[in-house]
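Colleague: Hey, dropping run_15.cif in here, mmCIF, C-alpha atoms:
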```
data_model
#
loop_
_atom_site.group_PDB
_atom_site.id
_atom_site.type_symbol
_atom_site.label_atom_id
_atom_site.label_comp_id
_atom_site.auth_asym_id
_atom_site.auth_seq_id
_atom_site.Cartn_x
_atom_site.Cartn_y
_atom_site.Cartn_z
ATOM 1 C CA MET A 1 12.307 128.368 41.039
ATOM 2 C CA ASN A 2 13.278 126.252 44.031
ATOM 3 C CA THR A 3 15.153 122.931 43.535
ATOM 4 C CA TYR A 4 14.688 120.042 46.004
ATOM 5 C CA THR A 5 17.500 117.591 46.470
ATOM 6 C CA ILE A 6 16.656 114.171 47.980
ATOM 7 C CA ASP A 7 19.436 112.362 49.772
ATOM 8 C CA LEU A 8 18.547 108.714 49.695
ATOM 9 C CA SER A 9 21.283 107.804 52.154
ATOM 10 C CA LEU A 10 19.685 109.703 54.911
ATOM 11 C CA GLN A 11 17.727 107.642 57.444
ATOM 12 C CA PRO A 12 14.606 109.136 58.922
ATOM 13 C CA THR A 13 14.846 109.944 62.571
ATOM 14 C CA THR A 14 11.129 110.141 63.108
ATOM 15 C CA PHE A 15 8.154 108.154 61.758
ATOM 16 C CA ASP A 16 5.132 110.056 60.671
ATOM 17 C CA LEU A 17 1.944 108.742 59.040
ATOM 18 C CA TRP A 18 3.471 108.809 55.643
ATOM 19 C CA HIS A 19 6.340 106.628 56.622
ATOM 20 C CA VAL A 20 4.044 104.220 58.443
ATOM 21 C CA CYS A 21 1.925 103.799 55.300
ATOM 22 C CA LEU A 22 4.963 103.298 53.138
ATOM 23 C CA ALA A 23 6.389 100.672 55.487
ATOM 24 C CA GLY A 24 3.056 98.872 55.624
ATOM 25 C CA THR A 25 2.812 98.801 51.831
ATOM 26 C CA VAL A 26 6.300 97.346 51.527
ATOM 27 C CA ALA A 27 5.504 94.730 54.134
ATOM 28 C CA VAL A 28 2.270 93.766 52.354
ATOM 29 C CA LEU A 29 4.066 93.494 49.014
ATOM 30 C CA ALA A 30 6.798 91.367 50.587
ATOM 31 C CA VAL A 31 4.289 89.041 52.178
ATOM 32 C CA THR A 32 2.333 88.817 48.922
ATOM 33 C CA LEU A 33 5.508 87.998 47.008
ATOM 34 C CA ILE A 34 6.420 85.329 49.561
ATOM 35 C CA ILE A 35 2.922 83.809 49.321
ATOM 36 C CA VAL A 36 3.092 83.765 45.529
ATOM 37 C CA LEU A 37 6.502 82.094 45.619
ATOM 38 C CA ILE A 38 5.292 79.504 48.132
ATOM 39 C CA GLY A 39 2.226 78.789 45.924
ATOM 40 C CA MET A 40 4.401 78.309 42.880
ATOM 41 C CA VAL A 41 6.663 75.924 44.770
ATOM 42 C CA MET A 42 3.686 73.922 46.045
ATOM 43 C CA SER A 43 2.119 73.771 42.600
ATOM 44 C CA LEU A 44 5.380 72.470 41.162
ATOM 45 C CA ARG A 45 5.519 69.793 43.817
ATOM 46 C CA ARG A 46 1.930 68.768 43.178
ATOM 47 C CA LYS A 47 2.448 68.538 39.420
ATOM 48 C CA PRO A 48 2.419 64.811 38.476
ATOM 49 C CA GLU A 49 5.700 63.485 37.374
ATOM 50 C CA THR A 50 5.846 62.619 33.739
ATOM 51 C CA ILE A 51 6.885 58.970 33.383
ATOM 52 C CA THR A 52 8.558 58.294 30.128
ATOM 53 C CA ILE A 53 7.710 54.799 28.962
ATOM 54 C CA PRO A 54 10.205 53.546 26.494
ATOM 55 C CA ALA A 55 8.629 52.639 23.278
ATOM 56 C CA GLU A 56 8.470 48.946 22.647
ATOM 57 C CA PRO A 57 10.744 47.842 19.891
ATOM 58 C CA ILE A 58 8.974 47.155 16.690
ATOM 59 C CA VAL A 59 9.400 43.496 15.944
ATOM 60 C CA LYS A 60 9.146 42.764 12.304
ATOM 61 C CA ILE A 61 7.910 39.261 11.747
ATOM 62 C CA VAL A 62 9.385 37.823 8.645
ATOM 63 C CA GLU A 63 7.948 34.529 7.577
ATOM 64 C CA VAL A 64 10.755 32.309 6.444
ATOM 65 C CA GLU A 65 9.721 29.558 4.167
ATOM 66 C CA LYS A 66 11.305 26.386 5.391
ATOM 67 C CA ILE A 67 12.508 24.271 2.565
ATOM 68 C CA VAL A 68 12.515 20.722 3.780
ATOM 69 C CA GLU A 69 14.247 18.334 1.483
ATOM 70 C CA VAL A 70 12.477 15.039 1.714
ATOM 71 C CA GLU A 71 14.645 12.123 0.811
ATOM 72 C CA LYS A 72 12.794 9.962 -1.587
ATOM 73 C CA ILE A 73 13.012 6.417 -0.413
ATOM 74 C CA VAL A 74 12.503 4.147 -3.317
ATOM 75 C CA GLN A 75 10.980 1.014 -1.981
ATOM 76 C CA ALA A 76 12.039 -2.077 -3.775
ATOM 77 C CA PRO A 77 9.191 -3.960 -5.339
ATOM 78 C CA THR A 78 7.817 -6.668 -3.151
ATOM 79 C CA PRO A 79 9.354 -9.913 -4.268
ATOM 80 C CA GLU A 80 6.981 -12.482 -5.517
ATOM 81 C CA PRO A 81 6.274 -15.231 -3.030
ATOM 82 C CA VAL A 82 8.586 -18.165 -3.449
ATOM 83 C CA ILE A 83 6.632 -21.181 -4.521
ATOM 84 C CA LEU A 84 8.438 -24.347 -3.606
ATOM 85 C CA LYS A 85 7.849 -27.059 -6.110
ATOM 86 C CA GLU A 86 7.561 -30.483 -4.689
ATOM 87 C CA ALA A 87 10.245 -32.503 -6.402
ATOM 88 C CA THR A 88 9.542 -36.145 -6.919
ATOM 89 C CA PRO A 89 12.504 -38.396 -6.146
ATOM 90 C CA ASP A 90 11.939 -40.572 -9.196
ATOM 91 C CA ALA A 91 14.246 -38.567 -11.516
ATOM 92 C CA ALA A 92 17.080 -38.486 -8.971
ATOM 93 C CA LEU A 93 16.719 -42.190 -8.262
ATOM 94 C CA GLN A 94 16.670 -42.890 -11.992
ATOM 95 C CA LEU A 95 19.933 -40.965 -12.436
ATOM 96 C CA LEU A 96 21.594 -42.914 -9.635
ATOM 97 C CA GLY A 97 20.430 -46.130 -11.320
ATOM 98 C CA LEU A 98 22.008 -45.026 -14.632
ATOM 99 C CA LEU A 99 25.323 -44.151 -12.924
ATOM 100 C CA GLN A 100 25.330 -47.496 -11.178
ATOM 101 C CA LYS A 101 24.548 -49.324 -14.384
ATOM 102 C CA GLU A 102 27.233 -47.609 -16.508
ATOM 103 C CA ALA A 103 29.965 -46.921 -13.902
ATOM 104 C CA ARG A 104 29.256 -49.000 -10.803
ATOM 105 C CA PHE A 105 29.087 -45.590 -9.099
ATOM 106 C CA ILE A 106 27.335 -46.698 -5.898
ATOM 107 C CA ASP A 107 29.719 -49.645 -5.506
ATOM 108 C CA PHE A 108 32.687 -47.284 -5.780
ATOM 109 C CA ILE A 109 31.252 -44.758 -3.287
ATOM 110 C CA GLU A 110 30.310 -47.387 -0.727
ATOM 111 C CA GLU A 111 33.640 -49.238 -0.977
ATOM 112 C CA GLU A 112 36.121 -48.689 1.868
ATOM 113 C CA ILE A 113 39.241 -47.661 -0.077
ATOM 114 C CA ALA A 114 41.569 -46.879 2.818
ATOM 115 C CA ALA A 115 43.198 -50.272 2.517
ATOM 116 C CA TYR A 116 43.920 -49.919 -1.212
ATOM 117 C CA SER A 117 46.970 -48.274 -2.741
ATOM 118 C CA ASP A 118 46.798 -45.107 -4.776
ATOM 119 C CA ALA A 119 47.517 -47.086 -7.915
ATOM 120 C CA ASP A 120 44.598 -49.450 -7.286
ATOM 121 C CA ILE A 121 42.290 -46.509 -6.509
ATOM 122 C CA GLY A 122 43.461 -44.758 -9.669
ATOM 123 C CA ILE A 123 42.580 -47.752 -11.842
ATOM 124 C CA ALA A 124 39.110 -48.032 -10.263
ATOM 125 C CA ALA A 125 38.558 -44.257 -10.574
ATOM 126 C CA ARG A 126 39.335 -44.425 -14.271
ATOM 127 C CA VAL A 127 36.631 -47.053 -14.788
ATOM 128 C CA VAL A 128 34.107 -45.052 -12.738
ATOM 129 C CA HIS A 129 35.005 -41.852 -14.606
ATOM 130 C CA GLU A 130 34.466 -43.395 -18.018
ATOM 131 C CA GLY A 131 31.136 -44.942 -17.039
ATOM 132 C CA CYS A 132 29.832 -41.750 -15.355
ATOM 133 C CA ARG A 133 30.811 -39.618 -18.342
ATOM 134 C CA LYS A 134 29.023 -41.991 -20.701
ATOM 135 C CA ALA A 135 25.817 -41.916 -18.608
ATOM 136 C CA ILE A 136 25.816 -38.135 -18.248
ATOM 137 C CA ASN A 137 26.532 -37.388 -21.913
ATOM 138 C CA GLU A 138 23.914 -39.896 -23.025
ATOM 139 C CA HIS A 139 21.066 -38.448 -20.969
ATOM 140 C CA PHE A 140 22.051 -34.795 -20.422
ATOM 141 C CA THR A 141 23.337 -31.925 -22.556
ATOM 142 C CA LEU A 142 25.751 -29.724 -20.581
ATOM 143 C CA ALA A 143 27.010 -26.228 -21.357
ATOM 144 C CA PRO A 144 29.103 -23.691 -19.407
ATOM 145 C CA VAL A 145 27.250 -20.837 -17.734
ATOM 146 C CA ARG A 146 29.886 -18.257 -18.773
ATOM 147 C CA SER A 147 31.592 -18.262 -22.136
ATOM 148 C CA GLU A 148 34.694 -16.287 -21.024
ATOM 149 C CA ASP A 149 37.991 -18.030 -20.337
ATOM 150 C CA GLU A 150 38.716 -18.868 -16.721
ATOM 151 C CA GLY A 151 41.023 -16.323 -15.107
ATOM 152 C CA LYS A 152 39.721 -13.469 -17.271
ATOM 153 C CA LYS A 153 38.375 -10.239 -15.728
ATOM 154 C CA ILE A 154 34.608 -9.834 -16.132
ATOM 155 C CA THR A 155 32.136 -7.170 -14.973
ATOM 156 C CA LEU A 156 28.720 -8.015 -13.579
ATOM 157 C CA GLN A 157 26.285 -5.163 -14.162
ATOM 158 C CA GLN A 158 23.383 -4.123 -11.958
ATOM 159 C CA GLY A 159 20.594 -6.690 -12.046
ATOM 160 C CA PHE A 160 22.761 -9.680 -12.913
ATOM 161 C CA ASP A 161 21.229 -13.097 -12.297
ATOM 162 C CA ALA A 162 22.492 -14.197 -8.896
ATOM 163 C CA THR A 163 21.315 -17.744 -9.551
ATOM 164 C CA THR A 164 23.821 -18.161 -12.380
ATOM 165 C CA VAL A 165 26.813 -16.394 -10.800
ATOM 166 C CA ARG A 166 28.023 -16.856 -7.232
ATOM 167 C CA LEU A 167 30.224 -14.097 -5.805
ATOM 168 C CA THR A 168 33.160 -15.008 -3.598
ATOM 169 C CA GLY A 169 35.903 -13.044 -1.877
ATOM 170 C CA ASN A 170 35.548 -9.475 -0.555
ATOM 171 C CA ILE A 171 31.979 -8.485 -1.443
ATOM 172 C CA VAL A 172 31.518 -4.756 -0.714
ATOM 173 C CA GLY A 173 28.928 -2.330 -2.060
ATOM 174 C CA SER A 174 26.602 -2.974 -4.948
ATOM 175 C CA ALA A 175 26.899 -3.828 -8.632
ATOM 176 C CA PRO A 176 28.629 -3.397 -10.977
ATOM 177 C CA PHE A 177 31.226 -5.894 -9.725
ATOM 178 C CA THR A 178 34.511 -6.637 -11.455
ATOM 179 C CA GLY A 179 36.448 -9.790 -10.702
ATOM 180 C CA SER A 180 38.235 -12.822 -12.114
ATOM 181 C CA LEU A 181 36.277 -15.756 -13.474
ATOM 182 C CA ILE A 182 37.340 -18.733 -11.351
ATOM 183 C CA HIS A 183 34.923 -21.298 -12.775
ATOM 184 C CA LYS A 184 32.684 -21.137 -15.822
ATOM 185 C CA GLY A 185 29.892 -23.080 -14.141
ATOM 186 C CA TRP A 186 27.696 -25.734 -15.691
ATOM 187 C CA GLN A 187 24.082 -25.779 -16.798
ATOM 188 C CA VAL A 188 21.872 -28.478 -18.260
ATOM 189 C CA THR A 189 20.259 -27.474 -21.539
ATOM 190 C CA ASN A 190 18.514 -30.753 -22.296
ATOM 191 C CA VAL A 191 17.419 -33.839 -20.349
ATOM 192 C CA ARG A 192 16.808 -37.180 -21.977
ATOM 193 C CA LEU A 193 15.935 -39.582 -19.163
ATOM 194 C CA PRO A 194 14.100 -42.733 -20.192
ATOM 195 C CA LYS A 195 10.445 -43.000 -19.287
ATOM 196 C CA LEU A 196 9.541 -45.252 -16.405
ATOM 197 C CA THR A 197 7.106 -48.071 -16.883
ATOM 198 C CA GLN A 198 3.978 -48.272 -14.782
ATOM 199 C CA GLY A 199 4.720 -49.921 -11.451
ATOM 200 C CA HIS A 200 8.492 -49.496 -11.734
ATOM 201 C CA ASN A 201 10.128 -49.040 -8.340
ATOM 202 C CA ALA A 202 12.711 -46.271 -8.909
ATOM 203 C CA ALA A 203 14.071 -46.720 -5.387
ATOM 204 C CA ILE A 204 15.733 -49.962 -6.497
ATOM 205 C CA ILE A 205 18.900 -48.465 -7.975
ATOM 206 C CA ALA A 206 20.487 -51.849 -8.639
ATOM 207 C CA ALA A 207 18.710 -55.118 -8.188
ATOM 208 C CA ALA A 208 20.417 -57.829 -6.208
ATOM 209 C CA GLU A 209 22.058 -60.494 -8.412
ATOM 210 C CA VAL A 210 21.685 -64.195 -7.797
ATOM 211 C CA GLU A 211 23.792 -66.612 -9.804
ATOM 212 C CA LEU A 212 22.266 -70.033 -10.378
#
```
Kindly present the structure from the file in structure tokens form.

Modeller:
Amino acid sequence: MNTYTIDLSLQPTTFDLWHVCLAGTVAVLAVTLIIVLIGMVMSLRRKPETITIPAEPIVKIVEVEKIVEVEKIVQAPTPEPVILKEATPDAALQLLGLLQKEARFIDFIEEEIAAYSDADIGIAARVVHEGCRKAINEHFTLAPVRSEDEGKKITLQQGFDATTVRLTGNIVGSAPFTGSLIHKGWQVTNVRLPKLTQGHNAAIIAAAEVEL
């Protein structure tokens, strides 16, 4: 049995048909491989790029209930309209007539006393004082507005009658107020003026006197 040994390192010195066919096959395979590689490269280039769009953040809408504290404005009740009473001058004129009758009050007020001494004025004032006190006590009943002693601390609560108490000094804030009673005040509890006759002219406080 014969054994053939092939030396692959040997280069052919001549080209026969066999070698030509083998070389052509290799060339065709090489060209085919190159064409396939070029096609793959072109297909990769033509493949559309995948654009990754970032997902939009999910916004969770939470409805927050707004608690609005509405300040309740308490509107003070509308004050009743002030009705001004028309005061007739007859009562005031009658009182002046009584003071003139009992104490010569108008004479004392209208007298120019600058030229008189203090002693003379004191004597006249005593007469006027006695007569005025008599006229007032006879026709009016007086009483103090406050029963506390003057100088005592008192507290005026909310809603006190402002017509009976007048605040003085540093008035800040609202009632209750605490302060010292400076004056008790006066109020008339009864009036006893005499009735006027028909046709009486109350404007004549003191009639002129003529001595015959």

Colleague: Give me the residues within 12 Å of Lys152 (chain A) as a PDB file with C-alpha atoms, in the coordinates of the input, counting all atoms listed in the file and dropping any in the same chain fewer than 6 places off.

Modeller:
```pdb
ATOM      1  CA  ARG A 146      29.886 -18.257 -18.773  1.00  0.00           C
ATOM      2  CA  THR A 178      34.511  -6.637 -11.455  1.00  0.00           C
ATOM      3  CA  GLY A 179      36.448  -9.790 -10.702  1.00  0.00           C
ATOM      4  CA  SER A 180      38.235 -12.822 -12.114  1.00  0.00           C
ATOM      5  CA  LEU A 181      36.277 -15.756 -13.474  1.00  0.00           C
ATOM      6  CA  ILE A 182      37.340 -18.733 -11.351  1.00  0.00           C
ATOM      7  CA  HIS A 183      34.923 -21.298 -12.775  1.00  0.00           C
ATOM      8  CA  LYS A 184      32.684 -21.137 -15.822  1.00  0.00           C
TER       9      LYS A 184
END
```

Colleague: If I take CA of Lys101 (chain A) and CA of Asp118 (chain A), how far is one from the other in Å, to one decimal?

Modeller: 24.6 Å

Colleague: Evaluated on this file, the PyMOL selection byres ((chain A and resi 98) around 12) picks out some residues - which ones are they, written as a ChimeraX atom specification?

Modeller: /A:91-97,99-106,131-140,192-194,202,204-206

Colleague: What does the distance from CA of Gly173 (chain A) to CA of Gln157 (chain A) come to in Å, to one decimal?

Modeller: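 One can read the CA of Gly173 (chain A) to CA of Gln157 (chain A) distance as 12.7 Å.
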
Colleague: So how many Å separate CA of Leu196 (chain A) and CA of His129 (chain A), to one decimal?

Modeller: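 Separation between CA of Leu196 (chain A) and CA of His129 (chain A): 25.8 Å.
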